[in-house]
Amino acid sequence: MSRIFALLLGTCWLAGSVLADQTQPAQPSKPNVLWIYVDDMSDWMGCYGDSLALTPNIDSLAEGGVLFERAYMPAPVCSTTRSALITGTMQTSYGLHQHRTMIKEELAEGLLTVPELFRRAGYLTFNEAKDDYNFKRERSLMYSPEFERPKINSHLVGRDLSWLKQLQGKSFFGQIQLKGGKFGGETGAKFPADSLVADDAVSVPPQYPDHPVFRNAIARHYAQIAETDAQVGAIITALKEYGLWENTYVFFFTDHGSPLPRAKQFLYEEGTKVPLIVHGTESDSLVSGGASRRSDLVSGIDITMTSLALADIAIPDFMEGKDLFADDYQPRTYLISARDRMGNAIDRIRSVSSQHFRYIRNYKTDRALFQPQYRDGYATFETFQKMRRRNLLSPVQASYFDSENRPAEEFYDLRDDPHQVVNLAEDPKYETAIADHRRFLHEWEEATDDKGRYPESKESLKEVFEHAAGKCVAPEFDFLRTQ
């Protein structure tokens with residue numbers, strides 16, 4: 001597909017809205033809230049300054065709303081992020097932090113999910129269709145039974161949004177799930193993969209080898225972003241066609257960064273920094289005043305509280321985020337993201353983002369950053385391993401496989417080192433700044449009782465071990481290897 005054709009295709013989806021049916025029901029008095037929730041996708045978009053991206057529909061959301069330049073998810077993987085956002089809490093506060101939780105329990109007493117709060121306020125709620133939470137909850141409590149669900153397995157397939165017509169005349173909170181970096185298979189899973197830009201036109205950041213496999217994976221991610229943009233255009237078209245657009249707050253965001261090796265699952269900028277755009281209702285000039293950009297530090301759980309606040313729903317005391325449009329809003333100085341067990345790879349990492357720095361604390365330095373996991377057969381990971389065996393990696397690239405010299409602390413100056421490849425943790429020039437970030441992390445862990453500090457139960461580890469057919473290298477599984 002040519003770049004020009006892709007641009008025209010995306011624009012057509014945006015411009016193809018027909019006039020709303022004049023007989024449709026009148027607008028409800030309460031505003032709607034829609035989350036366009038994308039898997040595994042970085043912010044390589046025109047509105048975020050990427051000149052290779054073809055994203056006219058996403059750009060249009062930004063032009064008519066608010067774009068957040070420094071939005072970070074609580075975790076760099078789907079289930080933990082999604083568990084955090086649906087409860088408005090950090091996943092570490094209530095034991096929702098282990099990705100692929102094998103023994104799921106009910107939410108702690110008093111916790112309610114966002115759709116439940118909307119339902120109590122008289123809203124119709126739906127989710128099409130992925131949720132992926134690390135807890136047990138009856139979906140009948142969360143989503144309205146009167147909503148006629150389309151035949152969607154986990155993510156929207158194609159661009160048919162005719163099922164949105166049933167929302168006419170109703171107040172709703174909904175989620176539409178898009179594949180993003182999983183469209184046509186995860187970024188980097190196979191080589192070669194179709195792309196919209198030439199492989200030699202992309203830039204390869206220094207944390208990756210400048211190799212055809214990595215160039216193709218990066219180029220492929222642009223194709224996935226373009227497909228996502230076309231789907232966003234279809235959503236906008238349907239909202240306009242059915243008379244829902246003017247009264248709907250649209251949140252566009254992704255659950256974490258792309259599936260490139262050091263992005264997904266890890267706490268660098270590329271793993272946790274995501275696009276976040278909020279487009280408001282026709283009557284809300286604060287949110288839809290046009291082309292507003294904000295550079296304050298935003299957490300994914302702020303999406304939760306802001307959604308409730310825009311609908312004028314009381315925010316429960318257990319929620320930990322911020323209302324981004326509150327009159328008394330105070331920007332953060334620091335922001336936390338967390339990684340714990342990812343499938344069969346056990347780790348504990350915390351990061352603290354600030355305006356110019358990123359601090360990372362590695363608590364398990366007896367193992368490599370890259371542990372065996374489900375992506376080992378991907379073209380990107382296999383290429384990494386082949387180049388490692390041939391001593392073709394740079395020192396920083398090789399360090400991801402080093403289980404003997406993993407640093408306890410990492411510290412990066414994002415102004416000079418946006419890709420975080422120069423660890424300044426031992427540089428005396430940054431001693432005070434590092435101490436400040438370290439202190440904030442410690443105080444946060446204590447104040448929230450970070451559940452990642454406590455070992456996972458043997459029963460749960462046994463379930464993981466059996467599910468992974470024994471392919472578990474972490475020492476926490478040693479008690480199972482002797483049985």
# chains A, B, ... in the order shown; residues from 1 in each chain; ligands from 1

$ closest_atom_pairs --of "segment 423-466 of chain A" --to "segment 393-411 of chain A" --cutoff "10 Å" --atoms "only C-alpha atoms" --output "CSV"
residue,atom,partner,partner_atom,distance
A:Asn423,CA,A:Phe411,CA,5.4
A:Leu424,CA,A:Phe411,CA,5.1
A:Ala425,CA,A:Phe411,CA,5.0
A:Glu426,CA,A:Phe411,CA,8.7
A:Asp427,CA,A:Phe411,CA,9.3
A:Tyr430,CA,A:Phe411,CA,8.6
A:Ala433,CA,A:Phe411,CA,9.3
A:Ile434,CA,A:Phe411,CA,7.1
A:His437,CA,A:Phe411,CA,9.4
A:Arg438,CA,A:Glu409,CA,9.2

$ write_last_selection --atoms "N, CA and C atoms" --output "PDB file, in the first residue's frame"
ATOM      1  N   ASN A 423      23.603   4.954  31.743  1.00  0.00           N
ATOM      2  CA  ASN A 423      23.199   4.889  33.146  1.00  0.00           C
ATOM      3  C   ASN A 423      24.072   5.823  33.983  1.00  0.00           C
ATOM      4  N   LEU A 424      23.439   6.800  34.628  1.00  0.00           N
ATOM      5  CA  LEU A 424      24.154   7.811  35.409  1.00  0.00           C
ATOM      6  C   LEU A 424      24.090   7.539  36.908  1.00  0.00           C
ATOM      7  N   ALA A 425      23.720   6.327  37.289  1.00  0.00           N
ATOM      8  CA  ALA A 425      23.503   6.028  38.703  1.00  0.00           C
ATOM      9  C   ALA A 425      24.761   6.211  39.550  1.00  0.00           C
ATOM     10  N   GLU A 426      25.945   6.102  38.940  1.00  0.00           N
ATOM     11  CA  GLU A 426      27.203   6.256  39.686  1.00  0.00           C
ATOM     12  C   GLU A 426      27.841   7.619  39.462  1.00  0.00           C
ATOM     13  N   ASP A 427      27.168   8.493  38.749  1.00  0.00           N
ATOM     14  CA  ASP A 427      27.720   9.811  38.445  1.00  0.00           C
ATOM     15  C   ASP A 427      27.454  10.759  39.621  1.00  0.00           C
ATOM     16  N   TYR A 430      24.815  13.674  39.714  1.00  0.00           N
ATOM     17  CA  TYR A 430      23.384  13.453  39.873  1.00  0.00           C
ATOM     18  C   TYR A 430      23.022  12.883  41.239  1.00  0.00           C
ATOM     19  N   ALA A 433      19.801  14.383  42.834  1.00  0.00           N
ATOM     20  CA  ALA A 433      18.593  14.029  42.083  1.00  0.00           C
ATOM     21  C   ALA A 433      18.252  12.555  42.277  1.00  0.00           C
ATOM     22  N   ILE A 434      19.249  11.697  42.263  1.00  0.00           N
ATOM     23  CA  ILE A 434      19.014  10.263  42.472  1.00  0.00           C
ATOM     24  C   ILE A 434      18.452  10.025  43.862  1.00  0.00           C
ATOM     25  N   HIS A 437      14.718  10.885  43.976  1.00  0.00           N
ATOM     26  CA  HIS A 437      13.878   9.867  43.338  1.00  0.00           C
ATOM     27  C   HIS A 437      13.820   8.607  44.204  1.00  0.00           C
ATOM     28  N   ARG A 438      14.952   8.212  44.734  1.00  0.00           N
ATOM     29  CA  ARG A 438      15.015   7.025  45.592  1.00  0.00           C
ATOM     30  C   ARG A 438      14.122   7.199  46.819  1.00  0.00           C
TER      31      ARG A 438
END

$ residues_around --residues "segment 177-186 of chain A" --least-positions-apart "5" --cutoff "7 Å" --atoms "only C-alpha atoms" --output "PDB file with N, CA, C and O atoms, in the first residue's frame"
ATOM      1  N   ILE A  36     -11.305   4.418  23.816  1.00  0.00           N
ATOM      2  CA  ILE A  36     -10.718   3.663  22.700  1.00  0.00           C
ATOM      3  C   ILE A  36      -9.389   3.138  23.225  1.00  0.00           C
ATOM      4  O   ILE A  36      -8.432   3.892  23.397  1.00  0.00           O
ATOM      5  N   TYR A  37      -9.360   1.864  23.505  1.00  0.00           N
ATOM      6  CA  TYR A  37      -8.303   1.222  24.299  1.00  0.00           C
ATOM      7  C   TYR A  37      -7.474   0.336  23.362  1.00  0.00           C
ATOM      8  O   TYR A  37      -7.965  -0.663  22.860  1.00  0.00           O
ATOM      9  N   VAL A  38      -6.231   0.682  23.148  1.00  0.00           N
ATOM     10  CA  VAL A  38      -5.400   0.025  22.123  1.00  0.00           C
ATOM     11  C   VAL A  38      -4.322  -0.828  22.778  1.00  0.00           C
ATOM     12  O   VAL A  38      -3.701  -0.426  23.761  1.00  0.00           O
ATOM     13  N   ASP A  39      -4.091  -1.996  22.224  1.00  0.00           N
ATOM     14  CA  ASP A  39      -3.034  -2.888  22.713  1.00  0.00           C
ATOM     15  C   ASP A  39      -1.669  -2.499  22.142  1.00  0.00           C
ATOM     16  O   ASP A  39      -1.549  -2.182  20.944  1.00  0.00           O
ATOM     17  N   ASP A  40      -0.642  -2.549  22.991  1.00  0.00           N
ATOM     18  CA  ASP A  40       0.752  -2.668  22.549  1.00  0.00           C
ATOM     19  C   ASP A  40       1.169  -1.646  21.485  1.00  0.00           C
ATOM     20  O   ASP A  40       1.738  -2.019  20.459  1.00  0.00           O
ATOM     21  N   MET A  41       0.962  -0.374  21.720  1.00  0.00           N
ATOM     22  CA  MET A  41       1.264   0.580  20.661  1.00  0.00           C
ATOM     23  C   MET A  41       1.938   1.832  21.199  1.00  0.00           C
ATOM     24  O   MET A  41       1.504   2.413  22.194  1.00  0.00           O
ATOM     25  N   GLU A 128     -16.131  -3.914  24.446  1.00  0.00           N
ATOM     26  CA  GLU A 128     -15.960  -4.772  23.258  1.00  0.00           C
ATOM     27  C   GLU A 128     -14.503  -4.854  22.884  1.00  0.00           C
ATOM     28  O   GLU A 128     -13.967  -3.969  22.252  1.00  0.00           O
ATOM     29  N   ALA A 129     -13.828  -5.916  23.295  1.00  0.00           N
ATOM     30  CA  ALA A 129     -14.395  -6.972  24.140  1.00  0.00           C
ATOM     31  C   ALA A 129     -13.357  -7.403  25.168  1.00  0.00           C
ATOM     32  O   ALA A 129     -13.699  -7.977  26.174  1.00  0.00           O
ATOM     33  N   LYS A 130     -12.077  -7.147  24.954  1.00  0.00           N
ATOM     34  CA  LYS A 130     -11.025  -7.608  25.859  1.00  0.00           C
ATOM     35  C   LYS A 130     -11.110  -6.880  27.197  1.00  0.00           C
ATOM     36  O   LYS A 130     -11.354  -5.673  27.245  1.00  0.00           O
ATOM     37  N   HIS A 155     -10.860  -8.053  20.163  1.00  0.00           N
ATOM     38  CA  HIS A 155     -10.598  -6.723  19.628  1.00  0.00           C
ATOM     39  C   HIS A 155     -11.501  -6.482  18.426  1.00  0.00           C
ATOM     40  O   HIS A 155     -11.909  -7.432  17.757  1.00  0.00           O
ATOM     41  N   LEU A 156     -11.778  -5.219  18.166  1.00  0.00           N
ATOM     42  CA  LEU A 156     -12.557  -4.877  16.985  1.00  0.00           C
ATOM     43  C   LEU A 156     -11.858  -5.415  15.739  1.00  0.00           C
ATOM     44  O   LEU A 156     -10.664  -5.186  15.541  1.00  0.00           O
ATOM     45  N   HIS A 221       5.511  -1.668  12.654  1.00  0.00           N
ATOM     46  CA  HIS A 221       4.694  -1.015  13.677  1.00  0.00           C
ATOM     47  C   HIS A 221       3.980   0.208  13.104  1.00  0.00           C
ATOM     48  O   HIS A 221       2.858   0.526  13.525  1.00  0.00           O
ATOM     49  N   GLN A 224       0.836  -1.041  11.614  1.00  0.00           N
ATOM     50  CA  GLN A 224      -0.156  -1.320  12.647  1.00  0.00           C
ATOM     51  C   GLN A 224      -0.802  -0.032  13.164  1.00  0.00           C
ATOM     52  O   GLN A 224      -2.004   0.012  13.440  1.00  0.00           O
ATOM     53  N   ILE A 225       0.001   1.005  13.290  1.00  0.00           N
ATOM     54  CA  ILE A 225      -0.529   2.296  13.725  1.00  0.00           C
ATOM     55  C   ILE A 225      -1.483   2.856  12.674  1.00  0.00           C
ATOM     56  O   ILE A 225      -2.538   3.425  13.002  1.00  0.00           O
ATOM     57  N   THR A 228      -4.745   1.099  12.983  1.00  0.00           N
ATOM     58  CA  THR A 228      -5.429   1.614  14.169  1.00  0.00           C
ATOM     59  C   THR A 228      -6.074   2.956  13.870  1.00  0.00           C
ATOM     60  O   THR A 228      -7.217   3.223  14.273  1.00  0.00           O
ATOM     61  N   SER A 258       5.035  -0.456  22.374  1.00  0.00           N
ATOM     62  CA  SER A 258       5.074  -1.486  21.337  1.00  0.00           C
ATOM     63  C   SER A 258       5.676  -2.791  21.864  1.00  0.00           C
ATOM     64  O   SER A 258       6.326  -2.809  22.906  1.00  0.00           O
ATOM     65  N   PRO A 259       5.506  -3.900  21.115  1.00  0.00           N
ATOM     66  CA  PRO A 259       6.121  -5.171  21.522  1.00  0.00           C
ATOM     67  C   PRO A 259       7.605  -5.304  21.182  1.00  0.00           C
ATOM     68  O   PRO A 259       8.135  -6.423  21.209  1.00  0.00           O
TER      69      PRO A 259
END

$ closest_residue --among "A:Gly271, A:Lys136, A:Glu63, A:Phe191" --to "Met102 of chain A" --atoms "only C-alpha atoms"
A:Lys136

$ select_by_dssp --residues "segment 191-388 of chain A" --states "strand (DSSP E)" --output "PyMOL selection string"
chain A and resi 248-254+273-279+292-299+335-339+349-353+357-362

$ residues_around --residues "segment 140-153 of chain A" --least-positions-apart "3" --cutoff "6 Å" --atoms "only C-alpha atoms" --output "PyMOL selection string"
chain A and resi 115-116+124-126

$ residues_around --residues "Pro76 of chain A" --least-positions-apart "4" --cutoff "12 Å" --atoms "only C-alpha atoms" --output "PDB file with N, CA, C and O atoms, in the first residue's frame"
ATOM      1  N   ASP A  39      -4.091  -1.996  22.224  1.00  0.00           N
ATOM      2  CA  ASP A  39      -3.034  -2.888  22.713  1.00  0.00           C
ATOM      3  C   ASP A  39      -1.669  -2.499  22.142  1.00  0.00           C
ATOM      4  O   ASP A  39      -1.549  -2.182  20.944  1.00  0.00           O
ATOM      5  N   ASP A  40      -0.642  -2.549  22.991  1.00  0.00           N
ATOM      6  CA  ASP A  40       0.752  -2.668  22.549  1.00  0.00           C
ATOM      7  C   ASP A  40       1.169  -1.646  21.485  1.00  0.00           C
ATOM      8  O   ASP A  40       1.738  -2.019  20.459  1.00  0.00           O
ATOM      9  N   MET A  41       0.962  -0.374  21.720  1.00  0.00           N
ATOM     10  CA  MET A  41       1.264   0.580  20.661  1.00  0.00           C
ATOM     11  C   MET A  41       1.938   1.832  21.199  1.00  0.00           C
ATOM     12  O   MET A  41       1.504   2.413  22.194  1.00  0.00           O
ATOM     13  N   SER A  42       2.987   2.243  20.530  1.00  0.00           N
ATOM     14  CA  SER A  42       3.726   3.440  20.909  1.00  0.00           C
ATOM     15  C   SER A  42       3.108   4.681  20.264  1.00  0.00           C
ATOM     16  O   SER A  42       2.226   4.586  19.408  1.00  0.00           O
ATOM     17  N   TYR A  72       1.923   8.068  31.222  1.00  0.00           N
ATOM     18  CA  TYR A  72       2.603   6.808  31.519  1.00  0.00           C
ATOM     19  C   TYR A  72       1.623   5.816  32.130  1.00  0.00           C
ATOM     20  O   TYR A  72       0.801   6.184  32.978  1.00  0.00           O
ATOM     21  N   THR A  80      -1.879  -6.097  34.025  1.00  0.00           N
ATOM     22  CA  THR A  80      -1.656  -5.271  35.208  1.00  0.00           C
ATOM     23  C   THR A  80      -2.118  -3.832  34.969  1.00  0.00           C
ATOM     24  O   THR A  80      -2.736  -3.216  35.844  1.00  0.00           O
ATOM     25  N   THR A  81      -1.833  -3.302  33.792  1.00  0.00           N
ATOM     26  CA  THR A  81      -2.346  -1.973  33.454  1.00  0.00           C
ATOM     27  C   THR A  81      -3.866  -1.962  33.473  1.00  0.00           C
ATOM     28  O   THR A  81      -4.496  -1.064  34.047  1.00  0.00           O
ATOM     29  N   ARG A  82      -4.480  -2.943  32.855  1.00  0.00           N
ATOM     30  CA  ARG A  82      -5.936  -2.968  32.759  1.00  0.00           C
ATOM     31  C   ARG A  82      -6.580  -3.154  34.133  1.00  0.00           C
ATOM     32  O   ARG A  82      -7.647  -2.591  34.406  1.00  0.00           O
ATOM     33  N   ALA A  84      -5.313  -2.015  36.876  1.00  0.00           N
ATOM     34  CA  ALA A  84      -5.162  -0.724  37.544  1.00  0.00           C
ATOM     35  C   ALA A  84      -6.208   0.269  37.056  1.00  0.00           C
ATOM     36  O   ALA A  84      -6.882   0.937  37.849  1.00  0.00           O
ATOM     37  N   GLN A  91      -1.889  -1.217  40.585  1.00  0.00           N
ATOM     38  CA  GLN A  91      -2.055  -2.663  40.695  1.00  0.00           C
ATOM     39  C   GLN A  91      -1.350  -3.242  41.913  1.00  0.00           C
ATOM     40  O   GLN A  91      -1.726  -4.295  42.433  1.00  0.00           O
ATOM     41  N   HIS A  97      -0.809  -7.230  40.687  1.00  0.00           N
ATOM     42  CA  HIS A  97       0.420  -6.854  39.996  1.00  0.00           C
ATOM     43  C   HIS A  97       1.110  -7.972  39.236  1.00  0.00           C
ATOM     44  O   HIS A  97       2.052  -7.713  38.494  1.00  0.00           O
ATOM     45  N   GLN A  98       0.694  -9.231  39.410  1.00  0.00           N
ATOM     46  CA  GLN A  98       1.362 -10.334  38.725  1.00  0.00           C
ATOM     47  C   GLN A  98       0.683 -10.597  37.390  1.00  0.00           C
ATOM     48  O   GLN A  98      -0.468 -11.046  37.337  1.00  0.00           O
ATOM     49  N   HIS A  99       1.403 -10.345  36.296  1.00  0.00           N
ATOM     50  CA  HIS A  99       0.840 -10.576  34.956  1.00  0.00           C
ATOM     51  C   HIS A  99       0.648 -12.067  34.727  1.00  0.00           C
ATOM     52  O   HIS A  99       1.544 -12.869  34.976  1.00  0.00           O
ATOM     53  N   THR A 254      -3.274   3.829  24.790  1.00  0.00           N
ATOM     54  CA  THR A 254      -2.812   2.455  24.652  1.00  0.00           C
ATOM     55  C   THR A 254      -2.431   1.907  26.020  1.00  0.00           C
ATOM     56  O   THR A 254      -2.175   2.663  26.965  1.00  0.00           O
ATOM     57  N   ASP A 255      -2.408   0.563  26.147  1.00  0.00           N
ATOM     58  CA  ASP A 255      -2.152  -0.023  27.464  1.00  0.00           C
ATOM     59  C   ASP A 255      -0.670  -0.042  27.828  1.00  0.00           C
ATOM     60  O   ASP A 255      -0.314  -0.176  29.003  1.00  0.00           O
ATOM     61  N   HIS A 256       0.197   0.089  26.843  1.00  0.00           N
ATOM     62  CA  HIS A 256       1.649   0.227  27.048  1.00  0.00           C
ATOM     63  C   HIS A 256       2.286   0.399  25.679  1.00  0.00           C
ATOM     64  O   HIS A 256       1.591   0.500  24.668  1.00  0.00           O
ATOM     65  N   GLY A 257       3.614   0.431  25.640  1.00  0.00           N
ATOM     66  CA  GLY A 257       4.305   0.653  24.377  1.00  0.00           C
ATOM     67  C   GLY A 257       4.324  -0.569  23.473  1.00  0.00           C
ATOM     68  O   GLY A 257       3.728  -1.612  23.769  1.00  0.00           O
ATOM     69  N   SER A 258       5.035  -0.456  22.374  1.00  0.00           N
ATOM     70  CA  SER A 258       5.074  -1.486  21.337  1.00  0.00           C
ATOM     71  C   SER A 258       5.676  -2.791  21.864  1.00  0.00           C
ATOM     72  O   SER A 258       6.326  -2.809  22.906  1.00  0.00           O
ATOM     73  N   PRO A 259       5.506  -3.900  21.115  1.00  0.00           N
ATOM     74  CA  PRO A 259       6.121  -5.171  21.522  1.00  0.00           C
ATOM     75  C   PRO A 259       7.605  -5.304  21.182  1.00  0.00           C
ATOM     76  O   PRO A 259       8.135  -6.423  21.209  1.00  0.00           O
ATOM     77  N   LEU A 260       8.282  -4.228  20.859  1.00  0.00           N
ATOM     78  CA  LEU A 260       9.729  -4.334  20.668  1.00  0.00           C
ATOM     79  C   LEU A 260      10.377  -4.835  21.963  1.00  0.00           C
ATOM     80  O   LEU A 260       9.835  -4.635  23.060  1.00  0.00           O
ATOM     81  N   PRO A 261      11.535  -5.491  21.876  1.00  0.00           N
ATOM     82  CA  PRO A 261      12.069  -6.239  23.029  1.00  0.00           C
ATOM     83  C   PRO A 261      12.222  -5.472  24.326  1.00  0.00           C
ATOM     84  O   PRO A 261      11.935  -6.011  25.400  1.00  0.00           O
ATOM     85  N   ARG A 262      12.682  -4.221  24.289  1.00  0.00           N
ATOM     86  CA  ARG A 262      12.898  -3.510  25.550  1.00  0.00           C
ATOM     87  C   ARG A 262      11.753  -2.549  25.876  1.00  0.00           C
ATOM     88  O   ARG A 262      11.842  -1.777  26.832  1.00  0.00           O
ATOM     89  N   ALA A 263      10.677  -2.634  25.090  1.00  0.00           N
ATOM     90  CA  ALA A 263       9.505  -1.790  25.335  1.00  0.00           C
ATOM     91  C   ALA A 263       8.506  -2.555  26.193  1.00  0.00           C
ATOM     92  O   ALA A 263       8.489  -2.410  27.413  1.00  0.00           O
ATOM     93  N   LYS A 264       7.683  -3.373  25.571  1.00  0.00           N
ATOM     94  CA  LYS A 264       6.707  -4.165  26.313  1.00  0.00           C
ATOM     95  C   LYS A 264       7.389  -4.970  27.415  1.00  0.00           C
ATOM     96  O   LYS A 264       8.433  -5.592  27.194  1.00  0.00           O
ATOM     97  N   GLN A 265       6.831  -4.926  28.594  1.00  0.00           N
ATOM     98  CA  GLN A 265       7.272  -5.629  29.798  1.00  0.00           C
ATOM     99  C   GLN A 265       8.345  -4.898  30.598  1.00  0.00           C
ATOM    100  O   GLN A 265       8.671  -5.326  31.702  1.00  0.00           O
ATOM    101  N   PHE A 266       8.865  -3.780  30.078  1.00  0.00           N
ATOM    102  CA  PHE A 266       9.966  -3.131  30.793  1.00  0.00           C
ATOM    103  C   PHE A 266       9.659  -1.656  31.053  1.00  0.00           C
ATOM    104  O   PHE A 266       8.822  -1.033  30.396  1.00  0.00           O
ATOM    105  N   LEU A 267      10.383  -1.090  32.021  1.00  0.00           N
ATOM    106  CA  LEU A 267      10.029   0.215  32.577  1.00  0.00           C
ATOM    107  C   LEU A 267      10.840   1.377  32.017  1.00  0.00           C
ATOM    108  O   LEU A 267      11.049   2.377  32.704  1.00  0.00           O
ATOM    109  N   TYR A 268      11.268   1.261  30.779  1.00  0.00           N
ATOM    110  CA  TYR A 268      11.880   2.394  30.103  1.00  0.00           C
ATOM    111  C   TYR A 268      10.765   3.227  29.457  1.00  0.00           C
ATOM    112  O   TYR A 268       9.591   2.829  29.438  1.00  0.00           O
ATOM    113  N   GLU A 269      11.124   4.380  28.936  1.00  0.00           N
ATOM    114  CA  GLU A 269      10.127   5.260  28.328  1.00  0.00           C
ATOM    115  C   GLU A 269       9.311   4.514  27.262  1.00  0.00           C
ATOM    116  O   GLU A 269       8.090   4.650  27.194  1.00  0.00           O
ATOM    117  N   GLU A 270       9.972   3.729  26.442  1.00  0.00           N
ATOM    118  CA  GLU A 270       9.270   3.078  25.340  1.00  0.00           C
ATOM    119  C   GLU A 270       8.290   2.017  25.816  1.00  0.00           C
ATOM    120  O   GLU A 270       7.403   1.605  25.063  1.00  0.00           O
ATOM    121  N   GLY A 271       8.416   1.572  27.068  1.00  0.00           N
ATOM    122  CA  GLY A 271       7.498   0.563  27.583  1.00  0.00           C
ATOM    123  C   GLY A 271       6.278   1.130  28.268  1.00  0.00           C
ATOM    124  O   GLY A 271       5.195   0.531  28.233  1.00  0.00           O
ATOM    125  N   THR A 272       6.431   2.291  28.900  1.00  0.00           N
ATOM    126  CA  THR A 272       5.328   2.827  29.711  1.00  0.00           C
ATOM    127  C   THR A 272       4.744   4.136  29.183  1.00  0.00           C
ATOM    128  O   THR A 272       3.623   4.483  29.529  1.00  0.00           O
ATOM    129  N   LYS A 273       5.477   4.868  28.372  1.00  0.00           N
ATOM    130  CA  LYS A 273       4.958   6.138  27.849  1.00  0.00           C
ATOM    131  C   LYS A 273       4.004   5.844  26.691  1.00  0.00           C
ATOM    132  O   LYS A 273       4.339   5.104  25.757  1.00  0.00           O
ATOM    133  N   VAL A 274       2.812   6.432  26.759  1.00  0.00           N
ATOM    134  CA  VAL A 274       1.768   6.098  25.795  1.00  0.00           C
ATOM    135  C   VAL A 274       1.116   7.369  25.247  1.00  0.00           C
ATOM    136  O   VAL A 274       1.198   8.434  25.861  1.00  0.00           O
ATOM    137  N   GLY A 300      -1.882   6.457  33.992  1.00  0.00           N
ATOM    138  CA  GLY A 300      -3.058   5.817  33.411  1.00  0.00           C
ATOM    139  C   GLY A 300      -4.262   5.826  34.337  1.00  0.00           C
ATOM    140  O   GLY A 300      -5.410   5.904  33.873  1.00  0.00           O
ATOM    141  N   ILE A 336       5.020   6.907  39.383  1.00  0.00           N
ATOM    142  CA  ILE A 336       5.487   5.522  39.551  1.00  0.00           C
ATOM    143  C   ILE A 336       4.927   4.614  38.465  1.00  0.00           C
ATOM    144  O   ILE A 336       3.757   4.706  38.095  1.00  0.00           O
ATOM    145  N   SER A 337       5.773   3.697  37.978  1.00  0.00           N
ATOM    146  CA  SER A 337       5.330   2.542  37.194  1.00  0.00           C
ATOM    147  C   SER A 337       6.003   1.310  37.782  1.00  0.00           C
ATOM    148  O   SER A 337       7.059   1.415  38.415  1.00  0.00           O
ATOM    149  N   ALA A 338       5.389   0.131  37.581  1.00  0.00           N
ATOM    150  CA  ALA A 338       5.885  -1.071  38.262  1.00  0.00           C
ATOM    151  C   ALA A 338       5.815  -2.292  37.369  1.00  0.00           C
ATOM    152  O   ALA A 338       4.883  -2.448  36.580  1.00  0.00           O
ATOM    153  N   ARG A 339       6.816  -3.150  37.524  1.00  0.00           N
ATOM    154  CA  ARG A 339       6.817  -4.453  36.860  1.00  0.00           C
ATOM    155  C   ARG A 339       7.076  -5.525  37.901  1.00  0.00           C
ATOM    156  O   ARG A 339       7.965  -5.405  38.752  1.00  0.00           O
ATOM    157  N   ASP A 340       6.282  -6.608  37.825  1.00  0.00           N
ATOM    158  CA  ASP A 340       6.491  -7.765  38.687  1.00  0.00           C
ATOM    159  C   ASP A 340       6.557  -9.008  37.809  1.00  0.00           C
ATOM    160  O   ASP A 340       7.114  -8.927  36.721  1.00  0.00           O
ATOM    161  N   ARG A 341       6.022 -10.115  38.256  1.00  0.00           N
ATOM    162  CA  ARG A 341       6.120 -11.315  37.431  1.00  0.00           C
ATOM    163  C   ARG A 341       5.392 -11.108  36.117  1.00  0.00           C
ATOM    164  O   ARG A 341       4.283 -10.600  36.078  1.00  0.00           O
ATOM    165  N   MET A 342       6.055 -11.529  35.028  1.00  0.00           N
ATOM    166  CA  MET A 342       5.458 -11.513  33.697  1.00  0.00           C
ATOM    167  C   MET A 342       5.422 -12.960  33.207  1.00  0.00           C
ATOM    168  O   MET A 342       6.439 -13.494  32.758  1.00  0.00           O
ATOM    169  N   ILE A 349      10.655  -4.649  39.524  1.00  0.00           N
ATOM    170  CA  ILE A 349      11.284  -3.406  39.094  1.00  0.00           C
ATOM    171  C   ILE A 349      10.299  -2.273  39.363  1.00  0.00           C
ATOM    172  O   ILE A 349       9.093  -2.430  39.166  1.00  0.00           O
ATOM    173  N   ARG A 350      10.813  -1.152  39.810  1.00  0.00           N
ATOM    174  CA  ARG A 350       9.998   0.045  39.984  1.00  0.00           C
ATOM    175  C   ARG A 350      10.698   1.196  39.279  1.00  0.00           C
ATOM    176  O   ARG A 350      11.935   1.270  39.246  1.00  0.00           O
ATOM    177  N   SER A 351       9.919   2.106  38.713  1.00  0.00           N
ATOM    178  CA  SER A 351      10.505   3.285  38.080  1.00  0.00           C
ATOM    179  C   SER A 351       9.830   4.537  38.615  1.00  0.00           C
ATOM    180  O   SER A 351       8.651   4.519  38.984  1.00  0.00           O
TER     181      SER A 351
END

$ closest_residue --among "A:Trp44, A:Trp245, A:Phe370, A:Phe135" --to "Ser203 of chain A" --atoms "only C-alpha atoms"
A:Trp44

$ residues_around --residues "Ile315 of chain A" --least-positions-apart "5" --cutoff "8 Å" --atoms "only C-alpha atoms" --output "compact mmCIF listing (two decimals) with N, CA and C atoms, in the first residue's frame"
# COMPACT_ATOMS: atom_id res chain seq x y z
N MET A 305 -10.21 8.37 36.99
CA MET A 305 -10.83 9.41 37.81
C MET A 305 -11.39 10.54 36.95
N LEU A 308 -14.82 9.55 35.44
CA LEU A 308 -15.91 9.68 36.42
C LEU A 308 -16.26 11.14 36.66
N ALA A 309 -15.23 11.97 36.80
CA ALA A 309 -15.46 13.39 37.08
C ALA A 309 -16.21 14.08 35.94

$ select_by_dssp --residues "segment 76-154 of chain A" --states "alpha helix (DSSP H)" --output "ChimeraX atom specification"
/A:78-87,114-120,139-142

$ closest_residue --among "A:Ala75, A:Arg358, A:Leu61, A:Ala435" --to "Pro418 of chain A" --atoms "only C-alpha atoms"
A:Arg358

$ residues_around --residues "Ser51 of chain A" --least-positions-apart "6" --cutoff "12 Å" --atoms "only C-alpha atoms" --output "list in words"
Asp43, Trp44, Met45, Val197, Ala201, Val202, Ser203 and Tyr222 of chain A
